[in-house]
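Novice: Once you've had a glance at the structure underneath, I'll fire off some questions.
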Amino acid sequence: MKTARRHILKALPLLVWQRQLLHAADAQAPYLGQGTMCGEVTQSTAILQTRLTTATELNANGDLLGANGVACFEWSSKVDFSDAQRTAFQAASDASDFILRAELTSLKPNTAYYFRPVFGSSEASAKPGPECSFKTLPSGETDTPVKFIVGSCMNYNKFMLGKKGKASGPETATTEDKRLGFPSFETMLKLRPDFFIGTGDIVYYDHPLRVAKTVPQLRKCWHEQFRFPRMIEFFRLVPTYWSKDDHDFRYNEGDNSTIELPLPKTGIDMFREQLPVPSPSYRTHRVGNNLQIWLTEGRDYRSPNEMADGPEKSLWGTEQREWLKATLKASDAKWKIIISPTPMVGPDDKKKIDNHADVRGFRHEADAFFAWLKENKIGNIKLICGDRHWQYHSIHPSGIEEFACGALNDENSRMGVAPGAKNGSDPDALIKQPYTSVTPQGGFLQIIAAADQLTLEHFDSRGNSLNRVTR
């Protein structure tokens with residue numbers, strides 16, 4: 001099966017890329033210390049984003065400060081930019097953390113596009129930055145195979161500090177890794193995915209060595225991580241879709257019922273500031289004739305975690321739940337994939353109460369949803385979840401399959417909870433589990449959807465295949 005993205009720009013050696021980045025700017029700031037990314041691509045639209053910075057390296061306080069200046073985006077359907085168009089210039093400001101964003105519209109389906117930021121201290125001094133690319137989603141009449149990757153749980157402090165940073169998994173990051181960033185991004189780029197989905201815990205506001213509560217502290221968590229060269233290079237070439245979970249919302253198992261900082265609205269606003277995500281943040285995308293994906297929102301609308309489980313308790317909220325049912329019922333896609341920041345099947349730890357798999361969490365809503373799927377004869381459903389720091393393939397008693405992508409870096413991984421474990425959410429071993437991680441390790445999940453089959457494959461962070469399921 002040939003799924004390689006032939007349109008993609010050639011990946012650059014990281015040192016060459018860094019030199020190109022510096023030479024693209026003026027002799028002084030601004031720079032593009034966090035690179036450029038494309039988000040929320042559809043068949044006809046895409047969101048482009050960059051951030052102007054004062055440098056390309058962290059300062060003495062471990063931050064990457066924003067810089068005043070202007071930028072626009074130059075884009076084309078030709079790799080040589082011979083028919084390039086430009087968006088309007090925008091001025092960077094602290095109000096948006098010096099992040100600049102523009103939406104492209106009226107694009108053609110299943111088409112490669114190339115873009116680059118044009119930036120400087122003024123319009124007169126603006127120069128083009130590194131070239132980037134994305135491909136629009138295929139139309140519903142196209143049988144084009146689609147390859148994408150799902151990843152989660154990137155813990156900066158565990159990665160950089162190992163056991164001193166409270167690492168739960170093995171310390172494998174080398175000195176070079178700590179300079180370049182998470183190895184998973186270099187590995188994933190070699191697989192040439194059509195897009196990447198980050199399903200929550202993209203940053204950690206509540207690491208015990210440094211708890212972020214104020215807006216500057218929250219922003220720093222994004223700056224220090226998204227300046228990694230491997231991440232910049234990956235997002236230069238691979239478009240993205242993003243969901244948030246507890247750690248990049250407020251804190252562990254955070255809901256909307258407390259006044260502890262950061263407040264819920266701050267967490268919601270910060271995620272929208274830092275990443276190109278739509279409103280509302282739950283959405284669905286048709287990806288060719290065979291595939292449709294749903295990305296759910298798990299924090300904004302939830303009932304309090306401590307509320308007794310039952311018909312009135314909801315993780316999704318009534319509006320999102322009814323939207324999910326309506327769009328699933330209306331879909332004629334062969335493969336229907338729901339991508340959730342948190343698990344619906346598990347098993348999970350017995351002590352947890354904040355997701356659909358937990359005994360005292362939101363299990364009533366999950367069971368009612370599974371029953372609804374069966375009653376309405378909606379088949380070929382697959383669940384993908386983040387949040388859990390181990391990889392697994394689990395099968396609910398109703399037959400619904402769930403695949404956990406695991407943590408992206410080794411240091412943030414751990415051993416899982418098995419069906420039948422007394423300290424787990426499935427003490428009676430009702431869940432079947434064909435695969436779970438045999439040792440703590442980071443990695444990701446790759447999915448290939450074609451007309452004749454759906455393939456889901458777990459990889460470790462260095463690119464070794466661990467588990468492959470074909471339907």
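Chain identifiers are assigned as A, B, and so on, following the order in which chains appear in the structure tokens; residues are numbered from 1 within each chain, and ligands are numbered from 1 in order of appearance.
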Within 8 Å of Ala357 (chain A), counting only C-alpha atoms, which residues qualify if same-chain residues fewer than 2 places away don't, as a compact mmCIF listing (two decimals) with C-alpha atoms, in the first residue's frame?
Specialist:
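New file around03.txt:
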# COMPACT_ATOMS: atom_id res chain seq x y z
CA PRO A 343 -10.15 6.51 27.80
CA MET A 344 -13.67 5.14 27.50
CA VAL A 345 -12.78 1.44 27.91
CA GLY A 346 -9.49 1.23 29.83
CA PRO A 347 -8.81 -0.39 32.23
CA ASP A 348 -7.61 2.51 34.32
CA ASN A 355 -12.85 9.70 32.74
CA VAL A 359 -15.69 3.27 38.38
CA GLY A 361 -16.04 8.67 37.03
CA PHE A 362 -18.32 8.99 34.02
CA ARG A 363 -18.98 5.33 33.28
CA ALA A 366 -19.96 5.62 28.37
CA SER A 425 -11.27 -0.20 37.06
Novice: Quick check for you: according to DSSP on this backbone, which residues of region 56-261 of chain A are classed as alpha helix (DSSP H)? Reply as a VMD selection string.
Specialist: chain A and resid 156 to 161 175 to 180 183 to 190 215 to 226 229 to 237
Novice: Measuring atom to atom with only C-alpha atoms, identify which of A:Leu65, A:Ile384, A:Ile447, A:Leu456 is nearest to Arg227 (chain A).
Specialist: A:Leu65
Novice: Per residue of region 161-249 of chain A within 8 Å of region 296-317 of chain A, what are the shortest atom pair and its distance in Å to one decimal, counting only C-alpha atoms, with rows by chain and residue number, as JSON lines?
Specialist:
{"residue": "A:Ser243", "atom": "CA", "partner": "A:Glu297", "partner_atom": "CA", "distance": 6.9}
{"residue": "A:Lys244", "atom": "CA", "partner": "A:Glu297", "partner_atom": "CA", "distance": 7.5}
{"residue": "A:Asp245", "atom": "CA", "partner": "A:Arg299", "partner_atom": "CA", "distance": 6.6}
{"residue": "A:Asp246", "atom": "CA", "partner": "A:Arg299", "partner_atom": "CA", "distance": 7.2}
{"residue": "A:Phe249", "atom": "CA", "partner": "A:Arg299", "partner_atom": "CA", "distance": 7.6}
Novice: Using only C-alpha atoms, which residue out of A:Leu64, A:Leu52, A:Ala126, A:Met160 lies closest to Asp410 (chain A)?
Specialist: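 With only C-alpha atoms as the atom set, the closest residue is A:Met160.
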Novice: Rounded to one decimal, what separation in Å do you get between CA of Phe370 (chain A) and CA of Pro434 (chain A)?
Specialist: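 Calculated distance between CA of Phe370 (chain A) and CA of Pro434 (chain A) is 19.9 Å.
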Novice: So that I can check the secondary structure, give me every residue of region 8-131 of chain A assigned strand (DSSP E) by backbone DSSP, as number ranges by chain.
Specialist: A: 36-39, 46-51, 69-76, 85-86, 90-92, 99-104, 112-120, 127-128
Novice: Produce a table with one row for each residue of region 241-340 of chain A that has an atom at most 12 Å from any atom of region 77-100 of chain A, each row naming the nearest atom pair and its distance in Å at one decimal; use only C-alpha atoms; arrange rows by chain and rising residue number; format as JSON lines.
Specialist:
{"residue": "A:Asp269", "atom": "CA", "partner": "A:Ser96", "partner_atom": "CA", "distance": 10.4}
{"residue": "A:Met270", "atom": "CA", "partner": "A:Ser96", "partner_atom": "CA", "distance": 9.5}
{"residue": "A:Phe271", "atom": "CA", "partner": "A:Ser96", "partner_atom": "CA", "distance": 11.6}
{"residue": "A:Arg272", "atom": "CA", "partner": "A:Ser96", "partner_atom": "CA", "distance": 10.0}
{"residue": "A:Glu273", "atom": "CA", "partner": "A:Ser96", "partner_atom": "CA", "distance": 6.5}
{"residue": "A:Gln274", "atom": "CA", "partner": "A:Ile99", "partner_atom": "CA", "distance": 7.5}
{"residue": "A:Leu275", "atom": "CA", "partner": "A:Ile99", "partner_atom": "CA", "distance": 9.3}
{"residue": "A:Pro276", "atom": "CA", "partner": "A:Leu100", "partner_atom": "CA", "distance": 10.2}
Novice: For N, CA and C atoms, I'd like the residues from the last selection saved as an mmCIF file, in the first residue's frame.
Specialist:
data_model
loop_
_atom_site.group_PDB
_atom_site.id
_atom_site.type_symbol
_atom_site.label_atom_id
_atom_site.label_comp_id
_atom_site.auth_asym_id
_atom_site.auth_seq_id
_atom_site.Cartn_x
_atom_site.Cartn_y
_atom_site.Cartn_z
ATOM 1 N N ASP A 269 -8.759 29.592 27.288
ATOM 2 C CA ASP A 269 -8.214 30.664 26.462
ATOM 3 C C ASP A 269 -6.761 30.420 26.088
ATOM 4 N N MET A 270 -5.963 29.877 27.023
ATOM 5 C CA MET A 270 -4.554 29.647 26.760
ATOM 6 C C MET A 270 -4.360 28.600 25.662
ATOM 7 N N PHE A 271 -5.172 27.538 25.694
ATOM 8 C CA PHE A 271 -5.049 26.501 24.674
ATOM 9 C C PHE A 271 -5.375 27.077 23.295
ATOM 10 N N ARG A 272 -6.394 27.923 23.236
ATOM 11 C CA ARG A 272 -6.769 28.540 21.961
ATOM 12 C C ARG A 272 -5.719 29.548 21.506
ATOM 13 N N GLU A 273 -5.048 30.187 22.448
ATOM 14 C CA GLU A 273 -4.000 31.129 22.089
ATOM 15 C C GLU A 273 -2.793 30.421 21.483
ATOM 16 N N GLN A 274 -2.405 29.304 22.075
ATOM 17 C CA GLN A 274 -1.146 28.668 21.714
ATOM 18 C C GLN A 274 -1.242 27.740 20.506
ATOM 19 N N LEU A 275 -2.431 27.241 20.200
ATOM 20 C CA LEU A 275 -2.574 26.260 19.120
ATOM 21 C C LEU A 275 -3.722 26.631 18.187
ATOM 22 N N PRO A 276 -3.609 26.276 16.909
ATOM 23 C CA PRO A 276 -4.681 26.580 15.951
ATOM 24 C C PRO A 276 -5.827 25.573 16.083
#
Novice: I'd like the neighbourhood of region 326-336 of chain A as an NGL selection string, where a residue qualifies if any of its atoms comes within 12 Å (using only C-alpha atoms), though same-chain residues fewer than 4 positions away should be ignored.
Specialist: :A and (139-143 or 145-146 or 282-295 or 319-322 or 369 or 372-384 or 400-401 or 447-456 or 471)
Novice: Keeping only C-alpha atoms, write the selected residues to a file as a PDB file, in the first residue's frame.
Specialist:
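Wrote selection11.pdb, looks like this:
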ATOM      1  CA  SER A 139     -13.047  14.747  -0.830  1.00  0.00           C
ATOM      2  CA  GLY A 140     -15.718  12.215   0.105  1.00  0.00           C
ATOM      3  CA  GLU A 141     -15.632  10.694  -3.372  1.00  0.00           C
ATOM      4  CA  THR A 142     -11.916   9.840  -3.216  1.00  0.00           C
ATOM      5  CA  ASP A 143     -10.528   6.432  -2.190  1.00  0.00           C
ATOM      6  CA  PRO A 145      -5.432   5.923   1.453  1.00  0.00           C
ATOM      7  CA  VAL A 146      -4.829   8.125   4.504  1.00  0.00           C
ATOM      8  CA  TYR A 282     -15.291  19.229  19.383  1.00  0.00           C
ATOM      9  CA  ARG A 283     -15.487  18.585  15.642  1.00  0.00           C
ATOM     10  CA  THR A 284     -15.575  15.971  12.916  1.00  0.00           C
ATOM     11  CA  HIS A 285     -13.708  15.729   9.606  1.00  0.00           C
ATOM     12  CA  ARG A 286     -14.484  13.553   6.600  1.00  0.00           C
ATOM     13  CA  VAL A 287     -11.198  12.281   5.184  1.00  0.00           C
ATOM     14  CA  GLY A 288     -11.965  10.797   1.796  1.00  0.00           C
ATOM     15  CA  ASN A 289     -14.598   8.208   0.970  1.00  0.00           C
ATOM     16  CA  ASN A 290     -13.638   5.685   3.648  1.00  0.00           C
ATOM     17  CA  LEU A 291     -12.718   7.583   6.811  1.00  0.00           C
ATOM     18  CA  GLN A 292     -14.354  10.040   9.179  1.00  0.00           C
ATOM     19  CA  ILE A 293     -12.759  11.180  12.438  1.00  0.00           C
ATOM     20  CA  TRP A 294     -14.302  12.792  15.509  1.00  0.00           C
ATOM     21  CA  LEU A 295     -12.291  14.786  18.065  1.00  0.00           C
ATOM     22  CA  GLU A 319     -24.900  19.515  23.444  1.00  0.00           C
ATOM     23  CA  GLN A 320     -21.677  17.707  22.519  1.00  0.00           C
ATOM     24  CA  ARG A 321     -23.140  14.273  23.250  1.00  0.00           C
ATOM     25  CA  GLU A 322     -26.160  14.889  21.008  1.00  0.00           C
ATOM     26  CA  PHE A 369     -23.269   5.544  24.560  1.00  0.00           C
ATOM     27  CA  TRP A 372     -26.806   3.516  21.751  1.00  0.00           C
ATOM     28  CA  LEU A 373     -24.209   2.477  19.148  1.00  0.00           C
ATOM     29  CA  LYS A 374     -25.484  -1.091  19.265  1.00  0.00           C
ATOM     30  CA  GLU A 375     -29.145  -0.074  19.160  1.00  0.00           C
ATOM     31  CA  ASN A 376     -28.545   2.136  16.124  1.00  0.00           C
ATOM     32  CA  LYS A 377     -26.352  -0.480  14.410  1.00  0.00           C
ATOM     33  CA  ILE A 378     -23.424   1.893  13.957  1.00  0.00           C
ATOM     34  CA  GLY A 379     -20.505  -0.358  13.135  1.00  0.00           C
ATOM     35  CA  ASN A 380     -16.808  -0.076  12.331  1.00  0.00           C
ATOM     36  CA  ILE A 381     -16.284   2.249  15.304  1.00  0.00           C
ATOM     37  CA  LYS A 382     -12.800   2.479  16.742  1.00  0.00           C
ATOM     38  CA  LEU A 383     -11.869   4.518  19.817  1.00  0.00           C
ATOM     39  CA  ILE A 384      -8.443   6.155  20.131  1.00  0.00           C
ATOM     40  CA  ILE A 400     -16.060  -1.715  21.034  1.00  0.00           C
ATOM     41  CA  GLU A 401     -12.282  -1.570  20.528  1.00  0.00           C
ATOM     42  CA  ILE A 447      -3.392   4.569  11.584  1.00  0.00           C
ATOM     43  CA  ILE A 448      -3.744   3.793   7.869  1.00  0.00           C
ATOM     44  CA  ALA A 449      -7.256   3.877   6.417  1.00  0.00           C
ATOM     45  CA  ALA A 450      -7.797   2.429   2.953  1.00  0.00           C
ATOM     46  CA  ALA A 451     -10.824   1.171   1.059  1.00  0.00           C
ATOM     47  CA  ASP A 452     -10.153  -2.454   1.864  1.00  0.00           C
ATOM     48  CA  GLN A 453      -8.639  -2.310   5.341  1.00  0.00           C
ATOM     49  CA  LEU A 454      -7.876  -0.287   8.466  1.00  0.00           C
ATOM     50  CA  THR A 455      -4.468  -0.773  10.076  1.00  0.00           C
ATOM     51  CA  LEU A 456      -3.609   0.424  13.598  1.00  0.00           C
ATOM     52  CA  ARG A 471      -9.424  -4.921  10.176  1.00  0.00           C
TER      53      ARG A 471
END
Novice: Leaving out Gly420 (chain A) and any residue of its chain fewer than 5 positions from it, which residues lie within 10 Å of it when counting only C-alpha atoms, given as a list of chain:residue names?
Specialist: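 Skipping anything fewer than 5 positions along the chain leaves A:Pro347, A:Ser425, A:Asp426, A:Pro427, A:Asp428, A:Ala429, A:Leu430, A:Ile431, A:Lys432.
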Novice: Please provide the set of residues having any atom within 7 Å of region 185-201 of chain A, restricted to only C-alpha atoms, with same-chain residues fewer than 6 positions apart removed, written as a PyMOL selection string.
Specialist: chain A and resi 4-5+146-154+230-231+234+238-248+340-341+386-387+461-463
Novice: Name the closest residue to Phe235 (chain A) among the candidates A:Glu131, A:Glu171, A:Asp206, A:Glu74; distances are taken between atoms, counting only C-alpha atoms.
Specialist: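 Under the stated criterion, the closest residue is A:Glu131.
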Novice: By how many Å are CA of Arg236 (chain A) and CA of Cys132 (chain A) apart?
Specialist: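 Interatomic distance here is 4.8 Å.
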Novice: CA of Phe73 (chain A) to CA of Thr144 (chain A): how many Å, to one decimal?
Specialist: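 Interatomic distance here is 28.6 Å.
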